[in-house]
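Just below is one structure, and these are the notes that go with it.
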Amino acid sequence: MSLQAYQQAATRAESPRDLEYRLFAQVTRALMDAAQLDRSEFGKRMDALDWNKRMWTALAGECQRSDNALPAPLRASIVSLSIWVGKHTSLVIRGQEEFEPLIEINRLIMQGLAGGAQAAA
C-alpha cells in the first residue's frame, strides 16, 4: 500500500475531533520547535507563527458560519481566542512577547478535544 493510500485511509477513519486534535498537535509542535530557534532564524520562526495564526483564523471563520452547530458561547470564545492569537503573534514577531502563551492555549484546546473524545467513547 502506498503512503498516500495509507494517509487517505487514516484520514477517513478519523473523526473531525481527531483531525482537529492532530492539526493542533502539529501546529503546536512547530511552535515549540520555533521557540527553541535563535531569533536570527526569523523565517522558520515566522512559518510556525503564520501556520498557527492561519489555523486560528480558519477556526474563527468556521465559528462565524450560521450553520455551525457549536453552542453560540463556545463559538464566541473561539473567535475571541483567535483575535487574541493574532495580537499576541504580532507581539512575538516584534520581539515583545514569547511563544509560550500561544503554545499553552493550543495545549489547553488539545486537552479539551481529547477530553471530549473520551467522553464520547
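Residues in the C-alpha cells are named by chain (A, B, ... in the order shown) and by number from 1 within that chain; ligands are numbered from 1 in the order shown.
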
| task | From a DSSP pass on the backbone, collect the residues of chain A flagged as helix (DSSP H, G or I) and hand them back as a PyMOL selection string. | result | chain A and resi 3-13+16-36+42-63+72-93+100-120

Neighbours of range 75-90 of chain A within 8 Å (only C-alpha atoms; same-chain residues fewer than 6 positions away dropped), as a JSON list (two decimals) with C-alpha atoms, in the first residue's frame?
[["chain", "number", "residue", "atom", "x", "y", "z"],
["A", 49, "LEU", "CA", 3.67, 31.64, 13.81],
["A", 53, "LYS", "CA", -2.40, 32.23, 13.06],
["A", 56, "TRP", "CA", -6.95, 30.13, 14.36],
["A", 57, "THR", "CA", -8.28, 32.41, 11.62],
["A", 59, "LEU", "CA", -11.41, 28.27, 13.20],
["A", 60, "ALA", "CA", -12.86, 31.73, 13.78],
["A", 61, "GLY", "CA", -14.25, 31.76, 10.25],
["A", 63, "CYS", "CA", -17.42, 29.70, 14.08],
["A", 64, "GLN", "CA", -18.96, 32.66, 12.28],
["A", 97, "GLU", "CA", 6.40, 38.59, 23.74],
["A", 102, "LEU", "CA", 0.45, 30.55, 22.17]]

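Picture a line from CA of Glu41 in chain A to CA of Val92 in chain A; it runs 13.5 Å.
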
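Coordinates place CA of Asp38 in chain A at a distance of 22.2 Å from CA of Asn106 in chain A.
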
| request: For range 19-35 of chain A, work out the shell of residues within 10 Å, counting only C-alpha atoms and skipping chain neighbours fewer than 2 positions away, then give it as a ChimeraX atom specification. | output: /A:11-17,37-39,41-53,55-56,59,98-100,102-107,109-114,117

| task | Go ahead and compute the interatomic distance for CA of Ala72 in chain A and CA of Leu91 in chain A, in Å to one decimal. | result | 29.0 Å
